[in-house]
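Colleague: Sharing run_15.txt (compact mmCIF, C-alpha atoms and all ligand atoms) below.
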```
# COMPACT_ATOMS: atom_id res chain seq x y z
CA MET A 7 -43.37 -60.03 -30.27
CA ARG A 8 -40.85 -60.56 -27.55
CA LEU A 9 -38.24 -58.42 -29.33
CA GLY A 10 -40.83 -55.67 -29.76
CA ALA A 11 -41.60 -55.74 -26.07
CA VAL A 12 -37.92 -55.55 -25.21
CA LEU A 13 -37.40 -52.61 -27.57
CA LEU A 14 -40.44 -50.85 -26.20
CA GLY A 15 -39.21 -51.47 -22.67
CA GLY A 16 -35.86 -49.98 -23.62
CA LEU A 17 -37.47 -46.91 -25.11
CA MET A 18 -39.58 -46.41 -22.04
CA LEU A 19 -36.49 -46.63 -19.86
CA ALA A 20 -34.72 -44.03 -21.99
CA GLY A 21 -37.70 -41.69 -21.95
CA ALA A 22 -39.49 -39.88 -19.15
CA GLY A 23 -39.45 -40.94 -15.54
CA PRO A 24 -36.69 -40.82 -12.98
CA ALA A 25 -33.28 -40.89 -14.66
CA ALA A 26 -31.24 -44.07 -14.34
CA ALA A 27 -27.87 -43.95 -12.61
CA ASP A 28 -25.63 -41.34 -14.19
CA ASP A 29 -22.71 -42.40 -16.33
CA PRO A 30 -19.76 -39.98 -16.62
CA ALA A 31 -18.29 -41.95 -19.55
CA ALA A 32 -21.49 -41.48 -21.54
CA GLY A 33 -21.44 -37.86 -20.37
CA ARG A 34 -18.00 -37.38 -21.90
CA LYS A 35 -19.53 -38.08 -25.31
CA VAL A 36 -22.35 -35.64 -24.67
CA ALA A 37 -19.69 -33.09 -23.69
CA ASN A 38 -18.52 -33.01 -27.30
CA MET A 39 -21.55 -30.76 -27.84
CA CYS A 40 -20.35 -28.41 -25.11
CA ARG A 41 -16.61 -28.21 -25.60
CA THR A 42 -16.41 -25.29 -28.01
CA CYS A 43 -17.84 -23.10 -25.26
CA HIS A 44 -17.10 -24.90 -21.96
CA GLY A 45 -14.10 -27.06 -22.91
CA LEU A 46 -14.04 -30.81 -22.38
CA ASP A 47 -12.73 -30.20 -18.84
CA GLY A 48 -15.24 -27.43 -18.12
CA LEU A 49 -12.83 -24.50 -18.35
CA ALA A 50 -14.66 -21.85 -20.36
CA GLN A 51 -13.42 -21.24 -23.90
CA ILE A 52 -15.42 -18.08 -24.59
CA PRO A 53 -15.75 -15.12 -22.22
CA ILE A 54 -19.54 -15.28 -21.87
CA ALA A 55 -19.60 -18.97 -20.90
CA PRO A 56 -19.05 -19.96 -17.26
CA ASN A 57 -16.55 -22.54 -16.03
CA ILE A 58 -18.41 -25.72 -15.15
CA GLY A 59 -15.65 -28.29 -14.49
CA GLY A 60 -15.59 -29.58 -10.93
CA GLU A 61 -18.91 -27.94 -10.05
CA PRO A 62 -21.31 -29.92 -7.85
CA GLU A 63 -23.24 -32.42 -9.97
CA GLU A 64 -26.53 -31.44 -8.35
CA TYR A 65 -26.04 -27.81 -9.32
CA LEU A 66 -25.12 -28.60 -12.94
CA GLU A 67 -28.06 -30.94 -13.36
CA ALA A 68 -30.49 -28.44 -11.83
CA GLN A 69 -29.32 -25.65 -14.16
CA LEU A 70 -29.55 -27.81 -17.27
CA MET A 71 -33.08 -28.85 -16.29
CA ALA A 72 -33.93 -25.18 -15.65
CA PHE A 73 -32.76 -24.25 -19.16
CA LYS A 74 -34.71 -27.21 -20.57
CA THR A 75 -37.97 -26.30 -18.81
CA GLY A 76 -37.56 -22.56 -19.45
CA ALA A 77 -37.20 -21.66 -15.76
CA ARG A 78 -33.81 -20.18 -16.73
CA GLU A 79 -33.38 -18.68 -20.17
CA HIS A 80 -30.41 -18.00 -22.41
CA GLU A 81 -30.30 -17.80 -26.21
CA MET A 82 -27.60 -20.48 -26.48
CA MET A 83 -28.22 -22.73 -23.46
CA SER A 84 -31.99 -22.97 -23.89
CA VAL A 85 -31.42 -24.44 -27.35
CA VAL A 86 -28.66 -26.78 -26.15
CA ALA A 87 -30.68 -28.09 -23.19
CA ALA A 88 -33.86 -28.53 -25.20
CA GLY A 89 -32.03 -31.14 -27.27
CA LEU A 90 -30.86 -33.20 -24.28
CA SER A 91 -32.77 -36.02 -22.58
CA ALA A 92 -32.94 -36.19 -18.78
CA GLN A 93 -30.49 -39.09 -18.95
CA GLN A 94 -28.01 -37.11 -21.07
CA ILE A 95 -28.30 -34.24 -18.61
CA SER A 96 -27.48 -36.54 -15.66
CA ASP A 97 -24.59 -38.06 -17.58
CA VAL A 98 -23.03 -34.80 -18.74
CA ALA A 99 -23.47 -33.27 -15.26
CA ALA A 100 -21.66 -36.31 -13.83
CA TRP A 101 -18.86 -35.89 -16.40
CA TYR A 102 -18.19 -32.24 -15.61
CA ALA A 103 -18.60 -32.81 -11.86
CA SER A 104 -16.02 -35.62 -11.93
CA HIS A 105 -13.14 -33.15 -12.43
CA SER A 106 -11.61 -31.32 -9.52
CA ALA A 107 -11.55 -27.55 -9.28
CA SER A 108 -9.09 -25.62 -7.15
CA ALA A 109 -8.64 -21.91 -6.69
CA ARG A 110 -5.88 -19.48 -5.86
CA LEU A 111 -6.44 -15.95 -4.52
CA PRO A 112 -4.53 -13.16 -6.25
CA GLU A 113 -1.30 -11.84 -4.69
CA GLY A 114 -1.69 -9.40 -1.84
CA VAL A 115 -5.13 -10.39 -0.52
CA SER A 116 -6.24 -12.89 2.10
CA GLU A 117 -9.42 -14.84 2.79
CA SER A 118 -10.48 -12.25 5.34
CA ASP A 119 -10.87 -9.70 2.52
CA ALA A 120 -13.54 -11.85 0.82
CA PRO A 121 -17.13 -10.56 0.64
CA ALA A 122 -18.57 -11.61 4.02
CA ALA A 123 -22.11 -12.03 2.69
CA CYS A 124 -21.06 -14.75 0.22
CA VAL A 125 -18.36 -16.88 1.86
CA SER A 126 -20.62 -19.21 3.84
CA CYS A 127 -21.94 -20.73 0.61
CA HIS A 128 -19.47 -19.80 -2.16
CA GLY A 129 -16.26 -19.87 -0.10
CA ALA A 130 -13.70 -17.07 0.15
CA ASP A 131 -12.02 -18.37 -3.00
CA GLY A 132 -15.22 -19.18 -4.88
CA ILE A 133 -15.20 -22.94 -4.42
CA ALA A 134 -18.73 -23.84 -3.26
CA GLU A 135 -19.38 -25.13 0.24
CA PHE A 136 -22.66 -26.91 -0.64
CA PRO A 137 -23.74 -29.23 -3.46
CA ASP A 138 -26.54 -26.92 -4.60
CA ALA A 139 -24.32 -23.84 -4.82
CA PRO A 140 -22.02 -23.09 -7.76
CA ASN A 141 -18.33 -22.26 -7.79
CA LEU A 142 -17.69 -18.62 -8.61
CA ALA A 143 -13.89 -18.85 -8.75
CA GLY A 144 -12.44 -17.37 -11.91
CA GLU A 145 -15.74 -16.65 -13.63
CA VAL A 146 -15.49 -13.55 -15.81
CA ASN A 147 -16.67 -10.61 -13.66
CA ILE A 148 -19.26 -9.67 -16.27
CA TYR A 149 -20.83 -13.14 -15.99
CA ILE A 150 -21.18 -12.82 -12.20
CA ASP A 151 -22.46 -9.27 -12.57
CA THR A 152 -25.06 -10.36 -15.13
CA GLN A 153 -26.32 -13.28 -13.01
CA LEU A 154 -26.68 -11.13 -9.88
CA LYS A 155 -28.63 -8.53 -11.85
CA ALA A 156 -30.79 -11.32 -13.28
CA PHE A 157 -31.60 -12.48 -9.72
CA ARG A 158 -32.28 -8.87 -8.72
CA SER A 159 -34.64 -8.21 -11.64
CA GLY A 160 -36.42 -11.57 -11.33
CA LYS A 161 -35.23 -12.83 -14.72
CA ARG A 162 -33.54 -15.67 -12.81
CA VAL A 163 -35.21 -16.87 -9.62
CA HIS A 164 -33.84 -18.70 -6.56
CA ASP A 165 -35.04 -18.64 -2.93
CA ILE A 166 -31.74 -17.53 -1.49
CA MET A 167 -30.07 -15.61 -4.29
CA SER A 168 -33.09 -13.51 -5.25
CA ASP A 169 -33.28 -12.14 -1.70
CA ILE A 170 -29.55 -11.51 -1.51
CA ALA A 171 -29.35 -9.75 -4.89
CA ALA A 172 -32.46 -7.66 -4.15
CA GLU A 173 -30.49 -5.85 -1.45
CA MET A 174 -27.41 -5.13 -3.57
CA SER A 175 -26.50 -1.91 -5.39
CA ASP A 176 -24.74 -1.93 -8.78
CA GLU A 177 -21.49 -0.97 -7.01
CA GLU A 178 -21.78 -3.84 -4.50
CA ILE A 179 -22.50 -6.26 -7.33
CA ARG A 180 -19.48 -5.01 -9.23
CA ALA A 181 -17.23 -5.37 -6.17
CA VAL A 182 -18.14 -9.01 -5.47
CA ALA A 183 -17.95 -9.84 -9.19
CA ASP A 184 -14.44 -8.38 -9.29
CA TRP A 185 -13.43 -10.34 -6.16
CA TYR A 186 -14.40 -13.75 -7.53
CA GLY A 187 -13.37 -12.83 -11.07
CA ALA A 188 -9.81 -12.15 -9.89
CA VAL A 189 -9.39 -15.66 -8.46
CA THR A 190 -7.39 -18.11 -10.58
CA LEU A 191 -9.26 -21.35 -11.23
CA GLU A 192 -7.57 -24.60 -12.12
CA ILE A 193 -9.41 -27.69 -13.26
CA GLU A 194 -7.80 -31.10 -13.17
CA MET A 195 -9.50 -33.54 -15.50
CA SER A 196 -10.56 -36.88 -14.05
CA GLU A 197 -9.27 -38.91 -17.02
C1 LIG A 201 -22.48 -21.95 -27.96
C2 LIG A 201 -21.87 -21.98 -26.63
C3 LIG A 201 -22.37 -23.00 -25.63
C4 LIG A 201 -22.54 -24.36 -25.79
C5 LIG A 201 -22.32 -25.19 -27.05
C6 LIG A 201 -22.92 -24.87 -24.50
N1 LIG A 201 -23.00 -23.84 -23.58
FE1 LIG A 201 -23.51 -24.01 -21.62
N2 LIG A 201 -23.45 -22.00 -21.42
C7 LIG A 201 -23.11 -21.11 -22.41
C8 LIG A 201 -23.31 -19.75 -21.93
C9 LIG A 201 -23.05 -18.48 -22.72
C10 LIG A 201 -23.80 -19.87 -20.60
C11 LIG A 201 -24.19 -18.72 -19.65
C12 LIG A 201 -25.71 -18.58 -19.68
C13 LIG A 201 -26.20 -17.38 -18.93
O1 LIG A 201 -25.59 -16.32 -19.07
O2 LIG A 201 -27.19 -17.53 -18.19
C14 LIG A 201 -23.85 -21.29 -20.31
C15 LIG A 201 -24.26 -21.82 -19.09
C16 LIG A 201 -24.23 -23.16 -18.78
C17 LIG A 201 -24.52 -23.71 -17.47
C18 LIG A 201 -24.87 -22.94 -16.22
C19 LIG A 201 -23.61 -22.81 -15.40
C20 LIG A 201 -23.76 -22.00 -14.16
O3 LIG A 201 -22.71 -21.77 -13.53
O4 LIG A 201 -24.86 -21.61 -13.79
C21 LIG A 201 -24.38 -25.07 -17.57
C22 LIG A 201 -24.55 -26.09 -16.46
C23 LIG A 201 -24.02 -25.36 -18.94
N3 LIG A 201 -23.94 -24.18 -19.66
C24 LIG A 201 -23.78 -26.62 -19.43
C25 LIG A 201 -23.60 -26.93 -20.78
C26 LIG A 201 -23.53 -28.27 -21.30
C27 LIG A 201 -23.57 -29.53 -20.46
C28 LIG A 201 -23.41 -28.15 -22.66
C29 LIG A 201 -23.36 -29.27 -23.68
C30 LIG A 201 -24.41 -30.26 -23.64
C31 LIG A 201 -23.35 -26.73 -22.97
N4 LIG A 201 -23.49 -26.02 -21.80
C32 LIG A 201 -23.18 -26.20 -24.24
C33 LIG A 201 -22.64 -21.43 -23.68
C34 LIG A 201 -22.69 -22.69 -24.24
C1 LIG A 202 -26.91 -19.23 1.85
C2 LIG A 202 -26.10 -19.57 0.68
C3 LIG A 202 -25.69 -18.49 -0.29
C4 LIG A 202 -25.16 -17.25 -0.03
C5 LIG A 202 -24.91 -16.61 1.32
C6 LIG A 202 -24.85 -16.66 -1.33
N1 LIG A 202 -25.19 -17.53 -2.33
FE1 LIG A 202 -24.96 -17.21 -4.31
N2 LIG A 202 -25.85 -18.98 -4.73
C7 LIG A 202 -26.33 -19.87 -3.78
C8 LIG A 202 -27.03 -20.95 -4.44
C9 LIG A 202 -27.72 -22.13 -3.75
C10 LIG A 202 -26.96 -20.67 -5.83
C11 LIG A 202 -27.58 -21.47 -6.98
C12 LIG A 202 -28.81 -20.75 -7.49
C13 LIG A 202 -29.59 -21.52 -8.51
O1 LIG A 202 -29.75 -22.73 -8.34
O2 LIG A 202 -30.02 -20.89 -9.49
C14 LIG A 202 -26.21 -19.44 -5.97
C15 LIG A 202 -25.91 -18.84 -7.19
C16 LIG A 202 -25.13 -17.71 -7.34
C17 LIG A 202 -24.69 -17.15 -8.60
C18 LIG A 202 -24.94 -17.74 -9.98
C19 LIG A 202 -23.66 -18.43 -10.43
C20 LIG A 202 -23.70 -19.12 -11.75
O3 LIG A 202 -22.76 -19.87 -12.02
O4 LIG A 202 -24.64 -18.92 -12.53
C21 LIG A 202 -23.94 -16.06 -8.31
C22 LIG A 202 -23.25 -15.15 -9.31
C23 LIG A 202 -23.93 -15.92 -6.88
N3 LIG A 202 -24.66 -16.94 -6.31
C24 LIG A 202 -23.25 -14.91 -6.21
C25 LIG A 202 -23.32 -14.71 -4.84
C26 LIG A 202 -22.71 -13.58 -4.18
C27 LIG A 202 -21.87 -12.55 -4.87
C28 LIG A 202 -23.03 -13.68 -2.85
C29 LIG A 202 -22.69 -12.72 -1.76
C30 LIG A 202 -23.17 -11.35 -1.95
C31 LIG A 202 -23.82 -14.91 -2.69
N4 LIG A 202 -23.99 -15.48 -3.93
C32 LIG A 202 -24.30 -15.40 -1.50
C33 LIG A 202 -26.17 -19.76 -2.41
C34 LIG A 202 -25.70 -18.65 -1.74
```
In structure tokens, write the structure found in this file.
Modeller:
Amino acid sequence: MRLGAVLLGGLMLAGAGPAAADDPAAGRKVANMCRTCHGLDGLAQIPIAPNIGGEPEEYLEAQLMAFKTGAREHEMMSVVAAGLSAQQISDVAAWYASHSASARLPEGVSESDAPAACVSCHGADGIAEFPDAPNLAGEVNIYIDTQLKAFRSGKRVHDIMSDIAAEMSDEEIRAVADWYGAVTLEIEMSE
């Protein structure tokens, strides 16, 4: 009886409800499911996957939950996220967030050349200034282009980004995508 109650208690803890404290070491194991596309350190291994190492934990967790609930859709990520529990999502977000990302602008340009409309949140070099905003540094320009067009068309929705993208032409989108895509990203793994 007592054992049953303990097991049941354990299952309830692992199930729905607010996630327990995140555990980057447990997240490292979950990341084995991600590494063929995102690397174990979060440096993308395939051109269509974004870099996620050293991104704010809050942002990573929110995106994984959005794929899981269907608020954000992608043929690969919706399937991946559907198979993860809320706890695994917290853990794997903590793992990828535990690395540190740094960025270097290409030769011949300076921070003052960065797209003025983006720097307050994404930085001149694409390292985010806020925990709910993603890094853009070194993402493939086509990825950035696709996400901005998704915000513009309403396929992806966000208070701030939907309004910003709504005002942008294809040429403006291409120019900012090229700016952040030209930045060199380095990720230093935490362990
Ligand atoms: C088969 C390849 C593949 C696997 C495996 C995979 N991903 Fe992804 N992931 C992608 C692609 C492609 C995207 C871009 C989705 C889009 O275009 O909206 C993405 C997007 C993401 C994003 C959004 C990043 C951003 O900047 O908005 C997060 C977070 C993420 N993946 C985390 C994970 C985690 C954690 C795992 C493992 C549990 C994982 N992914 C497994 C391919 C993959
Ligand atoms: C006031 C803050 C703010 C400004 C200004 C801003 N962004 Fe964002 N951006 C965000 C936030 C917050 C998100 C996360 C959206 C979400 O949760 O889906 C985001 C997401 C994005 C994404 C998705 C990245 C990914 O990894 O999937 C791209 C691309 C992007 N922004 C580009 C831009 C560009 C280009 C500009 C300038 C034209 C810009 N943003 C201006 C706050 C901002």
Colleague: Give as a ChimeraX atom specification each residue that has an atom at most 8 Å from (-29.1, -40.2, -17.7) in the file, counting only C-alpha atoms.
Modeller: /A:25-29,91-97
Colleague: Please compute the CA of Glu67 (chain A)-CA of Ile179 (chain A) distance, one decimal, in Å.
Modeller: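 Pair CA of Glu67 (chain A) / CA of Ile179 (chain A) returns 26.0 Å.
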Colleague: Hey, which residues come within 9 Å of ligand LIG 201 (chain A) if we count all atoms listed in the file? Could you give them as a VMD selection string?
Modeller: chain A and resid 33 36 to 44 48 50 to 58 61 65 to 71 73 78 to 87 89 to 90 94 to 95 98 to 99 101 to 102 140 to 142 145 149 to 150 152 to 153 156 162
Colleague: Since we have the selection now, will you write its residues out, keeping C-alpha atoms, as a CSV table (one decimal), in the coordinates of the input?
Modeller:
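So result-v4.csv came out as:
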```csv
chain,number,residue,atom,x,y,z
A,33,GLY,CA,-21.4,-37.9,-20.4
A,36,VAL,CA,-22.4,-35.6,-24.7
A,37,ALA,CA,-19.7,-33.1,-23.7
A,38,ASN,CA,-18.5,-33.0,-27.3
A,39,MET,CA,-21.6,-30.8,-27.8
A,40,CYS,CA,-20.4,-28.4,-25.1
A,41,ARG,CA,-16.6,-28.2,-25.6
A,42,THR,CA,-16.4,-25.3,-28.0
A,43,CYS,CA,-17.8,-23.1,-25.3
A,44,HIS,CA,-17.1,-24.9,-22.0
A,48,GLY,CA,-15.2,-27.4,-18.1
A,50,ALA,CA,-14.7,-21.8,-20.4
A,51,GLN,CA,-13.4,-21.2,-23.9
A,52,ILE,CA,-15.4,-18.1,-24.6
A,53,PRO,CA,-15.8,-15.1,-22.2
A,54,ILE,CA,-19.5,-15.3,-21.9
A,55,ALA,CA,-19.6,-19.0,-20.9
A,56,PRO,CA,-19.0,-20.0,-17.3
A,57,ASN,CA,-16.6,-22.5,-16.0
A,58,ILE,CA,-18.4,-25.7,-15.2
A,61,GLU,CA,-18.9,-27.9,-10.0
A,65,TYR,CA,-26.0,-27.8,-9.3
A,66,LEU,CA,-25.1,-28.6,-12.9
A,67,GLU,CA,-28.1,-30.9,-13.4
A,68,ALA,CA,-30.5,-28.4,-11.8
A,69,GLN,CA,-29.3,-25.6,-14.2
A,70,LEU,CA,-29.6,-27.8,-17.3
A,71,MET,CA,-33.1,-28.8,-16.3
A,73,PHE,CA,-32.8,-24.2,-19.2
A,78,ARG,CA,-33.8,-20.2,-16.7
A,79,GLU,CA,-33.4,-18.7,-20.2
A,80,HIS,CA,-30.4,-18.0,-22.4
A,81,GLU,CA,-30.3,-17.8,-26.2
A,82,MET,CA,-27.6,-20.5,-26.5
A,83,MET,CA,-28.2,-22.7,-23.5
A,84,SER,CA,-32.0,-23.0,-23.9
A,85,VAL,CA,-31.4,-24.4,-27.4
A,86,VAL,CA,-28.7,-26.8,-26.2
A,87,ALA,CA,-30.7,-28.1,-23.2
A,89,GLY,CA,-32.0,-31.1,-27.3
A,90,LEU,CA,-30.9,-33.2,-24.3
A,94,GLN,CA,-28.0,-37.1,-21.1
A,95,ILE,CA,-28.3,-34.2,-18.6
A,98,VAL,CA,-23.0,-34.8,-18.7
A,99,ALA,CA,-23.5,-33.3,-15.3
A,101,TRP,CA,-18.9,-35.9,-16.4
A,102,TYR,CA,-18.2,-32.2,-15.6
A,140,PRO,CA,-22.0,-23.1,-7.8
A,141,ASN,CA,-18.3,-22.3,-7.8
A,142,LEU,CA,-17.7,-18.6,-8.6
A,145,GLU,CA,-15.7,-16.6,-13.6
A,149,TYR,CA,-20.8,-13.1,-16.0
A,150,ILE,CA,-21.2,-12.8,-12.2
A,152,THR,CA,-25.1,-10.4,-15.1
A,153,GLN,CA,-26.3,-13.3,-13.0
A,156,ALA,CA,-30.8,-11.3,-13.3
A,162,ARG,CA,-33.5,-15.7,-12.8
```
Colleague: Give me, as a list in words, the set of residues whose atoms come within 6 Å of any atom of ligand LIG 202 (chain A), counting only C-alpha atoms and all ligand atoms.
Modeller: Ala123, Cys124, Ser126, Cys127, Asp138, Ala139, Pro140, Ile150, Gln153, Leu154, His164, Met167 and Val182 of chain A
Colleague: My list of candidates is A:Asp165, A:Arg110, A:Ala171, A:Pro62. Which is closest to Glu135 (chain A) when distances are computed with all atoms listed in the file?
Modeller: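 For Glu135 (chain A), the nearest of the given residues is A:Pro62.
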Colleague: Could you tell me which of A:Ala183, A:Ser104, A:Asp131, A:Met174 comes closest to Glu117 (chain A) if we count only C-alpha atoms?
Modeller: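 Closest to Glu117 (chain A), using only C-alpha atoms: A:Asp131.
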